[in-house]
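Trainee: What follows is the file input_14.cif, containing mmCIF, C-alpha atoms:
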data_work
loop_
_atom_site.label_atom_id
_atom_site.label_comp_id
_atom_site.auth_asym_id
_atom_site.auth_seq_id
_atom_site.Cartn_x
_atom_site.Cartn_y
_atom_site.Cartn_z
CA MET A 8 -89.38 16.59 114.99
CA GLN A 9 -90.24 14.57 118.07
CA LYS A 10 -88.69 12.43 120.71
CA ASP A 11 -89.69 8.82 120.46
CA THR A 12 -88.77 5.37 121.65
CA PRO A 13 -88.12 2.88 118.86
CA SER A 14 -89.56 -0.05 120.76
CA GLY A 15 -90.82 -3.15 119.02
CA ARG A 16 -88.91 -2.43 115.80
CA LEU A 17 -87.25 -4.92 113.50
CA VAL A 18 -83.66 -3.95 114.25
CA SER A 19 -82.28 -5.76 111.19
CA LEU A 20 -84.48 -3.55 108.99
CA ASP A 21 -83.18 -0.41 110.71
CA ALA A 22 -79.64 -1.66 110.15
CA PHE A 23 -80.34 -2.40 106.49
CA ARG A 24 -81.88 1.06 106.09
CA GLY A 25 -78.89 2.64 107.80
CA LEU A 26 -76.34 0.88 105.60
CA THR A 27 -78.35 1.89 102.54
CA ILE A 28 -78.62 5.58 103.45
CA ALA A 29 -74.93 5.68 104.41
CA GLY A 30 -74.15 4.24 100.98
CA MET A 31 -76.34 6.89 99.39
CA VAL A 32 -74.50 9.71 101.17
CA LEU A 33 -71.15 8.12 100.26
CA VAL A 34 -71.77 7.84 96.52
CA ASN A 35 -73.44 11.27 96.30
CA ASN A 36 -70.51 13.15 97.81
CA PRO A 37 -67.14 12.29 96.26
CA GLY A 38 -64.45 14.90 96.54
CA SER A 39 -64.35 15.08 92.74
CA TRP A 40 -66.80 13.60 90.24
CA GLY A 41 -63.87 13.11 87.92
CA ASN A 42 -62.06 10.82 90.35
CA ILE A 43 -64.29 7.98 91.54
CA TYR A 44 -63.54 4.29 91.94
CA PRO A 45 -65.71 2.35 89.42
CA PRO A 46 -67.87 0.54 92.05
CA LEU A 47 -68.93 3.95 93.39
CA GLU A 48 -70.19 5.13 89.99
CA HIS A 49 -73.45 4.27 88.27
CA ALA A 50 -73.30 2.07 85.20
CA GLU A 51 -73.17 4.22 82.07
CA TRP A 52 -76.37 2.61 80.74
CA HIS A 53 -76.99 -1.16 80.64
CA GLY A 54 -75.49 -3.21 83.46
CA TRP A 55 -75.00 -2.38 87.11
CA THR A 56 -72.52 -1.46 89.81
CA PRO A 57 -72.91 -1.62 93.61
CA THR A 58 -73.99 2.04 93.46
CA ASP A 59 -76.98 1.04 91.33
CA LEU A 60 -78.30 -1.06 94.21
CA VAL A 61 -78.67 1.82 96.65
CA PHE A 62 -81.91 3.51 95.52
CA PRO A 63 -83.89 0.31 94.84
CA PHE A 64 -82.75 -1.02 98.21
CA PHE A 65 -84.32 2.02 99.82
CA LEU A 66 -87.60 1.54 97.95
CA PHE A 67 -87.59 -2.13 98.89
CA ILE A 68 -87.10 -1.09 102.54
CA VAL A 69 -90.03 1.32 102.25
CA GLY A 70 -92.17 -1.65 101.24
CA VAL A 71 -90.96 -3.86 104.08
CA SER A 72 -91.57 -1.05 106.58
CA MET A 73 -95.12 -0.57 105.25
CA ALA A 74 -95.97 -4.15 106.15
CA PHE A 75 -95.24 -3.31 109.79
CA SER A 76 -96.54 0.26 110.00
CA LEU A 77 -99.77 -0.26 108.04
CA GLY A 78 -100.43 -3.54 109.85
CA ARG A 79 -100.30 -1.75 113.18
CA ARG A 80 -102.23 1.33 112.06
CA ARG A 81 -105.04 -0.73 110.57
CA GLU A 82 -105.88 -1.76 114.10
CA GLU A 83 -105.62 1.78 115.47
CA SER A 84 -107.20 3.96 112.75
CA THR A 85 -110.18 4.13 110.44
CA ARG A 86 -109.66 3.68 106.71
CA ALA A 87 -110.28 7.42 106.12
CA ALA A 88 -107.71 8.38 108.77
CA LEU A 89 -105.16 6.04 107.19
CA TYR A 90 -105.69 7.56 103.75
CA LYS A 91 -105.21 11.03 105.22
CA LYS A 92 -101.94 10.04 106.92
CA ILE A 93 -100.63 8.36 103.78
CA LEU A 94 -101.43 11.30 101.52
CA TRP A 95 -99.99 13.80 104.00
CA ARG A 96 -96.77 11.83 104.42
CA GLY A 97 -96.43 11.46 100.66
CA PHE A 98 -96.98 15.20 100.21
CA VAL A 99 -94.36 16.11 102.83
CA ILE A 100 -91.73 13.75 101.38
CA PHE A 101 -92.44 15.03 97.86
CA ALA A 102 -92.23 18.65 99.02
CA ILE A 103 -88.88 18.05 100.72
CA GLY A 104 -87.58 16.39 97.56
CA PHE A 105 -88.85 19.23 95.37
CA PHE A 106 -87.18 21.74 97.68
CA LEU A 107 -83.86 19.88 97.51
CA ALA A 108 -84.04 19.50 93.73
CA ASN A 109 -84.32 23.27 93.29
CA PHE A 110 -82.25 24.50 96.24
CA PRO A 111 -80.66 27.04 96.33
CA GLU A 112 -81.61 28.58 92.95
CA PHE A 113 -85.44 28.29 92.92
CA SER A 114 -85.45 29.50 89.33
CA ALA A 115 -88.73 29.37 87.42
CA GLU A 116 -86.76 28.72 84.23
CA ARG A 117 -84.77 25.82 85.70
CA PHE A 118 -87.18 24.20 88.13
CA LYS A 119 -86.99 20.42 88.49
CA ILE A 120 -89.92 18.34 89.64
CA THR A 121 -88.37 14.87 89.83
CA GLY A 122 -85.86 13.37 92.26
CA VAL A 123 -85.16 10.56 94.71
CA LEU A 124 -87.54 11.68 97.46
CA GLN A 125 -90.23 12.58 94.92
CA ARG A 126 -90.16 9.04 93.55
CA ILE A 127 -90.22 7.61 97.07
CA ALA A 128 -93.26 9.76 97.86
CA VAL A 129 -95.21 8.75 94.75
CA VAL A 130 -94.35 5.07 95.12
CA PHE A 131 -95.19 5.11 98.85
CA VAL A 132 -98.65 6.59 98.24
CA LEU A 133 -99.49 4.26 95.33
CA ALA A 134 -98.20 1.16 97.11
CA SER A 135 -100.03 2.04 100.34
CA MET A 136 -103.33 2.49 98.53
CA LEU A 137 -102.88 -0.81 96.71
CA VAL A 138 -102.00 -2.88 99.77
CA LEU A 139 -104.80 -1.37 101.84
CA ASN A 140 -107.31 -2.59 99.31
CA SER A 141 -105.96 -6.01 98.37
CA GLY A 142 -104.59 -9.27 99.75
CA TRP A 143 -101.13 -10.68 99.18
CA LYS A 144 -102.21 -12.82 96.20
CA THR A 145 -103.61 -9.78 94.41
CA GLN A 146 -100.49 -7.81 95.32
CA LEU A 147 -98.31 -10.53 93.82
CA LYS A 148 -100.37 -10.53 90.62
CA LEU A 149 -100.17 -6.74 90.42
CA THR A 150 -96.40 -6.84 90.84
CA LEU A 151 -96.01 -9.41 88.08
CA GLY A 152 -98.45 -7.49 85.89
CA ILE A 153 -96.50 -4.26 86.29
CA LEU A 154 -93.18 -5.92 85.49
CA LEU A 155 -94.48 -7.80 82.45
CA GLY A 156 -96.56 -4.84 81.26
CA TYR A 157 -93.57 -2.50 81.45
CA TRP A 158 -91.47 -5.02 79.53
CA ALA A 159 -94.14 -5.24 76.84
CA ALA A 160 -94.55 -1.46 76.61
CA MET A 161 -90.82 -0.78 76.38
CA THR A 162 -90.20 -3.41 73.71
CA LEU A 163 -93.39 -3.35 71.63
CA ILE A 164 -94.62 0.27 71.51
CA PRO A 165 -92.83 2.15 68.72
CA VAL A 166 -91.10 5.45 69.47
CA PRO A 167 -91.35 8.04 66.66
CA GLY A 168 -88.09 8.14 64.76
CA TYR A 169 -86.75 4.95 66.37
CA GLY A 170 -89.39 2.23 66.24
CA PRO A 171 -90.23 -0.43 68.87
CA GLY A 172 -87.82 -2.09 71.26
CA VAL A 173 -85.04 0.52 71.06
CA LEU A 174 -83.44 0.82 74.51
CA THR A 175 -80.83 3.49 73.84
CA ILE A 176 -80.80 6.67 75.91
CA GLU A 177 -82.56 8.69 73.21
CA GLY A 178 -84.73 6.02 71.61
CA ASN A 179 -86.48 4.28 74.51
CA LEU A 180 -90.15 4.78 75.32
CA ALA A 181 -89.57 6.09 78.86
CA SER A 182 -87.36 8.94 77.60
CA TYR A 183 -89.91 9.74 74.90
CA VAL A 184 -92.78 9.92 77.41
CA ASP A 185 -90.70 12.11 79.76
CA GLY A 186 -89.95 14.45 76.88
CA ILE A 187 -93.67 14.93 76.26
CA LEU A 188 -95.18 14.87 79.74
CA LEU A 189 -92.46 15.71 82.26
CA PRO A 190 -92.46 19.42 83.13
CA GLY A 191 -89.37 21.38 84.07
CA ARG A 192 -85.70 20.49 83.84
CA ARG A 193 -84.67 16.86 83.40
CA TYR A 194 -81.61 15.67 85.29
CA HIS A 195 -79.86 14.31 82.22
CA GLY A 196 -81.25 16.85 79.77
CA THR A 197 -83.11 14.49 77.45
CA TRP A 198 -84.21 11.96 80.07
CA ASP A 199 -84.59 11.55 83.81
CA ALA A 200 -83.71 8.56 85.98
CA GLU A 201 -86.79 9.31 88.12
CA GLY A 202 -89.12 9.87 85.18
CA ILE A 203 -92.80 9.07 84.71
CA LEU A 204 -92.96 5.66 83.04
CA SER A 205 -90.09 4.11 85.01
CA THR A 206 -91.94 4.89 88.24
CA PHE A 207 -94.18 1.87 87.58
CA PRO A 208 -91.44 -0.80 87.88
CA ALA A 209 -90.12 1.19 90.88
CA LEU A 210 -93.58 0.65 92.38
CA ALA A 211 -93.09 -3.08 91.78
CA THR A 212 -89.82 -2.87 93.73
CA CYS A 213 -91.70 -1.42 96.69
CA LEU A 214 -94.46 -4.04 96.42
CA MET A 215 -91.85 -6.81 96.48
CA GLY A 216 -90.57 -5.27 99.69
CA TYR A 217 -94.08 -5.21 101.12
CA LEU A 218 -94.60 -8.89 100.27
CA THR A 219 -91.30 -9.63 102.03
CA GLY A 220 -92.45 -7.71 105.10
CA THR A 221 -95.74 -9.61 105.09
CA PHE A 222 -93.80 -12.87 105.04
CA ILE A 223 -91.59 -11.73 107.93
CA ARG A 224 -94.77 -11.01 109.94
CA SER A 225 -96.31 -14.39 109.05
CA GLY A 226 -95.49 -16.03 112.39
CA ARG A 227 -92.94 -18.50 111.06
CA SER A 228 -89.74 -19.13 112.99
CA ARG A 229 -86.97 -16.61 112.45
CA SER A 230 -84.61 -19.24 111.09
CA GLU A 231 -87.22 -20.35 108.55
CA ILE A 232 -87.85 -16.74 107.50
CA ALA A 233 -84.14 -16.10 106.99
CA GLY A 234 -83.75 -19.31 105.01
CA TRP A 235 -86.64 -18.56 102.66
CA MET A 236 -85.37 -15.01 102.11
CA PHE A 237 -82.02 -16.43 101.01
CA VAL A 238 -83.76 -18.85 98.63
CA ALA A 239 -86.12 -16.22 97.21
CA GLY A 240 -83.28 -13.76 96.79
CA TRP A 241 -81.15 -16.12 94.76
CA GLY A 242 -84.20 -17.16 92.74
CA ALA A 243 -84.95 -13.54 91.85
CA ILE A 244 -81.32 -12.89 90.90
CA LEU A 245 -81.23 -15.92 88.60
CA ILE A 246 -84.52 -14.95 86.94
CA SER A 247 -83.28 -11.40 86.39
CA LEU A 248 -80.01 -12.55 84.84
CA PHE A 249 -81.98 -14.74 82.42
CA TRP A 250 -84.39 -11.86 81.70
CA ASP A 251 -81.40 -9.57 81.08
CA ILE A 252 -80.88 -11.36 77.74
CA TRP A 253 -84.06 -9.75 76.34
CA PHE A 254 -84.61 -6.78 78.65
CA PRO A 255 -81.23 -5.58 79.97
CA ILE A 256 -80.65 -4.66 83.61
CA ASN A 257 -80.71 -0.86 83.54
CA LYS A 258 -81.21 1.62 86.37
CA GLY A 259 -81.75 4.64 84.13
CA ILE A 260 -85.08 3.27 82.86
CA TRP A 261 -85.61 0.87 85.82
CA THR A 262 -86.13 -2.14 83.59
CA SER A 263 -88.14 -5.06 84.91
CA SER A 264 -85.00 -7.21 85.03
CA TYR A 265 -83.34 -4.47 87.10
CA ALA A 266 -86.31 -4.37 89.50
CA VAL A 267 -86.18 -8.15 90.00
CA PHE A 268 -82.37 -8.22 90.25
CA THR A 269 -82.22 -5.49 92.90
CA ALA A 270 -85.12 -7.00 94.85
CA GLY A 271 -83.21 -10.28 94.90
CA ALA A 272 -80.06 -8.53 96.08
CA ALA A 273 -82.09 -6.68 98.73
CA LEU A 274 -83.54 -9.98 99.94
CA GLU A 275 -80.04 -11.41 100.30
CA PHE A 276 -78.79 -8.34 102.14
CA LEU A 277 -81.80 -8.22 104.46
CA ALA A 278 -81.53 -11.97 105.08
CA VAL A 279 -77.92 -11.53 106.23
CA CYS A 280 -78.89 -8.69 108.58
CA PHE A 281 -81.90 -10.64 109.82
CA TRP A 282 -79.85 -13.79 110.45
CA ILE A 283 -77.06 -12.02 112.32
CA ILE A 284 -79.25 -9.64 114.34
CA ASP A 285 -82.63 -11.29 114.84
CA VAL A 286 -81.65 -14.96 114.73
CA LYS A 287 -78.16 -14.94 116.25
CA GLY A 288 -78.58 -11.85 118.41
CA TYR A 289 -75.44 -9.98 117.35
CA GLY A 290 -77.18 -6.64 116.95
CA GLN A 291 -74.36 -4.70 118.59
CA TRP A 292 -72.24 -5.27 115.49
CA PHE A 293 -74.67 -3.13 113.51
CA LYS A 294 -75.10 -0.28 115.99
CA PRO A 295 -73.60 2.39 113.68
CA ALA A 296 -75.95 1.27 110.90
CA VAL A 297 -78.95 1.49 113.23
CA VAL A 298 -77.90 5.04 114.18
CA PHE A 299 -78.09 6.00 110.49
CA GLY A 300 -81.29 4.05 109.93
CA MET A 301 -83.31 5.72 112.67
CA ASN A 302 -83.13 9.13 110.95
CA ALA A 303 -82.67 8.07 107.34
CA ILE A 304 -84.77 10.63 105.45
CA ALA A 305 -83.59 13.47 107.71
CA LEU A 306 -79.98 12.42 107.08
CA TYR A 307 -80.50 12.32 103.32
CA ALA A 308 -82.25 15.71 103.19
CA LEU A 309 -79.77 17.48 105.49
CA SER A 310 -76.71 16.04 103.75
CA GLU A 311 -78.02 17.01 100.31
CA MET A 312 -78.82 20.53 101.49
CA THR A 313 -75.41 20.90 103.11
CA THR A 314 -73.69 19.76 99.91
CA SER A 315 -75.62 22.37 97.91
CA ILE A 316 -74.62 25.09 100.40
CA LEU A 317 -70.96 24.05 100.26
CA PHE A 318 -71.03 24.33 96.48
CA THR A 319 -72.72 27.74 96.67
CA ILE A 320 -70.22 29.39 99.05
CA LYS A 321 -67.18 30.65 97.16
CA VAL A 322 -63.56 30.66 98.32
CA GLY A 323 -61.79 32.74 95.71
CA GLU A 324 -62.65 31.27 92.31
CA THR A 325 -63.83 27.88 93.58
CA SER A 326 -66.58 26.50 95.81
CA LEU A 327 -66.05 25.78 99.49
CA TYR A 328 -66.78 22.10 98.75
CA THR A 329 -63.97 21.90 96.20
CA TRP A 330 -61.64 24.01 98.34
CA LEU A 331 -62.07 21.63 101.30
CA TYR A 332 -61.42 18.64 99.05
CA GLN A 333 -58.31 20.13 97.48
CA THR A 334 -56.88 21.61 100.69
CA ILE A 335 -57.52 18.81 103.18
CA PHE A 336 -57.35 15.69 100.99
CA LEU A 337 -55.90 16.29 97.54
CA SER A 338 -52.86 18.03 99.04
CA TRP A 339 -51.44 14.71 100.23
CA LEU A 340 -53.41 11.89 98.56
CA GLN A 341 -53.70 10.64 95.00
CA PRO A 342 -56.91 11.94 93.32
CA LEU A 343 -58.90 8.70 93.54
CA ASN A 344 -58.00 8.16 97.20
CA ALA A 345 -58.49 11.83 98.03
CA SER A 346 -61.97 11.78 96.53
CA LEU A 347 -62.88 8.63 98.45
CA ALA A 348 -61.41 9.98 101.69
CA PHE A 349 -63.50 13.13 101.33
CA ALA A 350 -66.68 11.06 100.86
CA LEU A 351 -65.86 8.78 103.82
CA THR A 352 -65.14 11.78 106.03
CA TYR A 353 -68.45 13.32 105.00
CA VAL A 354 -70.25 10.13 106.03
CA LEU A 355 -68.36 10.04 109.35
CA ILE A 356 -69.31 13.63 110.17
CA TRP A 357 -72.96 12.84 109.56
CA TYR A 358 -72.68 9.70 111.65
CA LEU A 359 -71.46 11.78 114.60
CA LEU A 360 -74.36 14.19 114.17
CA MET A 361 -76.89 11.35 113.88
CA TYR A 362 -75.34 9.67 116.93
CA VAL A 363 -76.06 12.79 118.99
CA LEU A 364 -79.72 12.56 117.96
CA TYR A 365 -79.76 8.84 118.65
CA ARG A 366 -78.29 9.23 122.14
CA ARG A 367 -80.91 11.87 122.91
CA ARG A 368 -83.59 9.60 121.43
CA ILE A 369 -84.61 12.19 118.89
CA PHE A 370 -86.01 10.53 115.78
CA ILE A 371 -87.18 12.89 113.06
CA LYS A 372 -90.34 11.48 111.54
CA VAL A 373 -91.96 12.54 108.30
#
Just give me the structure of the file as structure tokens.
Mentor:
Amino acid sequence: MQKDTPSGRLVSLDAFRGLTIAGMVLVNNPGSWGNIYPPLEHAEWHGWTPTDLVFPFFLFIVGVSMAFSLGRRREESTRAALYKKILWRGFVIFAIGFFLANFPEFSAERFKITGVLQRIAVVFVLASMLVLNSGWKTQLKLTLGILLGYWAAMTLIPVPGYGPGVLTIEGNLASYVDGILLPGRRYHGTWDAEGILSTFPALATCLMGYLTGTFIRSGRSRSEIAGWMFVAGWGAILISLFWDIWFPINKGIWTSSYAVFTAGAALEFLAVCFWIIDVKGYGQWFKPAVVFGMNAIALYALSEMTTSILFTIKVGETSLYTWLYQTIFLSWLQPLNASLAFALTYVLIWYLLMYVLYRRRIFIKV
């Protein structure tokens, strides 16, 4: 942890990151998993909900941020020093994610290696190495190659017992590969949303973010940048909806159409933030989002750990988490509203804690 001054930052990106991480905390902490409004749940399999946008938005933001951080560090560090920093940061993020995935049990029989931060770490390292050794044209070709290659693999390579092109939970290639190669416990038993094969299209999501960040840094006028982001975003969304006919939008296996769709949605969302904050100068409207965005990974890790602790502590026959939900919210609200109120209160509490850090200019860097 260190004190720092966030000077020279793209405030709209911090706001976008803050809104994304706040959304992540919100959807991860309902009062009851049995009482959730549909937009705050993941799609059962094919299709999407607003909740399915949260994780790819964060990976897209990682890519945009890389365009700024690596651009600056290239001028300040040697290539070897950059590699060292990238690998160390990836290791630390992965280690935090691994800790959270197994906290508080740490059971050798039930250990889990995958998770949100683990995927971010792997994608960050791979994307950083690629962009440090290629230009934007090569990066664009790599992104297209990954998306098309994943589509081909998922639809043409036969899975034993199912054949080629089966995209059910049990019969798809990504689940089959995870079953063979992925060690430890899988989140959904037979498959994992952060599995091995689906990490490749997630890498494409990050690379699309990096290409966006490169465009933002291109020296064009801010109005022109915002306009082109709007156009590119809608273009990506239309392409993905057309692609969905053959390769359905699906978060669980991070289909190529899902990667393009969410990148398009991220472009639209970032364009709105960029237009309001960086073009029109209304950054004060997004101050709460910036507070979240300045300590995003710390917020995610601390909130996840706190949730695990609340579920571990027992009050009678139930967990402290459930007891708080039932006593404070369910006692006077209908179940759906009580569950939502609990989640919103949880986000508010973390906002107040992050605001204290922000006011003291403490920004926890990984």
Trainee: Quick one: of A:Ala209, A:Leu274, A:Leu107, A:Ala200, who's nearest to Trp235 of chain A, counting all atoms listed in the file?
Mentor: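 Result for the nearest residue to Trp235 of chain A: A:Leu274.
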Trainee: Using only C-alpha atoms, give me every residue within 10 Å of (-91.6, 8.0, 73.9) in file coordinates, as an MDAnalysis selection string.
Mentor: chainID A and resid 161 164:171 177:188 204
Trainee: Print the selection's residues with C-alpha atoms to a file, as a PDB file, in the coordinates of the input.
Mentor:
ATOM      1  CA  MET A 161     -90.820  -0.780  76.380  1.00  0.00           C
ATOM      2  CA  ILE A 164     -94.620   0.270  71.510  1.00  0.00           C
ATOM      3  CA  PRO A 165     -92.830   2.150  68.720  1.00  0.00           C
ATOM      4  CA  VAL A 166     -91.100   5.450  69.470  1.00  0.00           C
ATOM      5  CA  PRO A 167     -91.350   8.040  66.660  1.00  0.00           C
ATOM      6  CA  GLY A 168     -88.090   8.140  64.760  1.00  0.00           C
ATOM      7  CA  TYR A 169     -86.750   4.950  66.370  1.00  0.00           C
ATOM      8  CA  GLY A 170     -89.390   2.230  66.240  1.00  0.00           C
ATOM      9  CA  PRO A 171     -90.230  -0.430  68.870  1.00  0.00           C
ATOM     10  CA  GLU A 177     -82.560   8.690  73.210  1.00  0.00           C
ATOM     11  CA  GLY A 178     -84.730   6.020  71.610  1.00  0.00           C
ATOM     12  CA  ASN A 179     -86.480   4.280  74.510  1.00  0.00           C
ATOM     13  CA  LEU A 180     -90.150   4.780  75.320  1.00  0.00           C
ATOM     14  CA  ALA A 181     -89.570   6.090  78.860  1.00  0.00           C
ATOM     15  CA  SER A 182     -87.360   8.940  77.600  1.00  0.00           C
ATOM     16  CA  TYR A 183     -89.910   9.740  74.900  1.00  0.00           C
ATOM     17  CA  VAL A 184     -92.780   9.920  77.410  1.00  0.00           C
ATOM     18  CA  ASP A 185     -90.700  12.110  79.760  1.00  0.00           C
ATOM     19  CA  GLY A 186     -89.950  14.450  76.880  1.00  0.00           C
ATOM     20  CA  ILE A 187     -93.670  14.930  76.260  1.00  0.00           C
ATOM     21  CA  LEU A 188     -95.180  14.870  79.740  1.00  0.00           C
ATOM     22  CA  LEU A 204     -92.960   5.660  83.040  1.00  0.00           C
TER      23      LEU A 204
END
Trainee: Please write the residues picked by the PyMOL selection byres ((chain A and resi 68) around 12) on this file as JSON, numbers by chain.
Mentor: {"A": [17, 19, 20, 21, 22, 23, 24, 25, 26, 27, 28, 61, 62, 63, 64, 65, 66, 67, 69, 70, 71, 72, 73, 74, 75, 127, 131, 212, 213, 214, 215, 216, 217, 218, 219, 220, 269, 270, 273, 274, 276, 277, 300, 303]}
Trainee: Could you tell me which of A:Thr197, A:Thr352, A:Ser228, A:Thr319 comes closest to Tyr332 of chain A if we count all atoms listed in the file?
Mentor: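 Once distances to Tyr332 of chain A are computed over all atoms listed in the file, the minimum belongs to A:Thr352.
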Trainee: Considering only C-alpha atoms, return as a list in words whatever protein or nucleic-acid residues lie within 10 Å of segment 145-151 of chain A, sequence-local ones (same chain, fewer than 2 positions apart) excluded.
Mentor: Ala134, Leu137, Val138, Asn140, Ser141, Gly142, Trp143, Ile153, Leu154, Leu155, Gly156, Tyr157, Phe207, Pro208, Leu210, Ala211, Thr212, Cys213, Leu214, Met215, Tyr217, Leu218 and Ser263 of chain A
Trainee: Restricting the calculation to all atoms listed in the file, which member of A:Thr58, A:Thr329, A:Asn302, A:Ser338 is positioned closest to Asn35 of chain A?
Mentor: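 Using all atoms listed in the file, the shortest distance to Asn35 of chain A belongs to A:Thr58.
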Trainee: Quick one: distance from atom CA of Trp158 of chain A to atom CA of Leu245 of chain A in Å, one decimal?
Mentor: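 Value for the atom CA of Trp158 of chain A-atom CA of Leu245 of chain A distance: 17.5 Å.
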Trainee: Report the residues retrieved by the PyMOL selection byres ((chain A and resi 92) around 12) from the displayed file, expressed as a VMD selection string.
Mentor: chain A and resid 76 to 77 80 to 81 84 to 91 93 to 99 131 to 132 135 to 136 373
Trainee: For a quick check of understanding, using only C-alpha atoms, which of A:Thr314, A:Arg126, A:Trp40, A:Ile120 has the smallest distance to Leu189 of chain A?
Mentor: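 So, comparing all the options, the nearest one is A:Ile120.
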Trainee: Given the choices A:Ile320, A:Val34, A:Ile304, A:Leu139, which gets closest to Phe101 of chain A if the distance is worked out from only C-alpha atoms?
Mentor: A:Ile304
Trainee: When you count all atoms listed in the file, which of these residues is closest to Phe254 of chain A: A:Gln333, A:Thr313, A:Thr175, A:Ser114?
Mentor: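 Using all atoms listed in the file, the shortest distance to Phe254 of chain A belongs to A:Thr175.
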Trainee: Translate the PyMOL selection byres ((chain A and resi 51) around 12) into a concrete residue list for this structure, as JSON, numbers by chain.
Mentor: {"A": [45, 46, 48, 49, 50, 52, 53, 54, 55, 56, 58, 59, 175, 176, 256, 257, 258, 259, 260]}
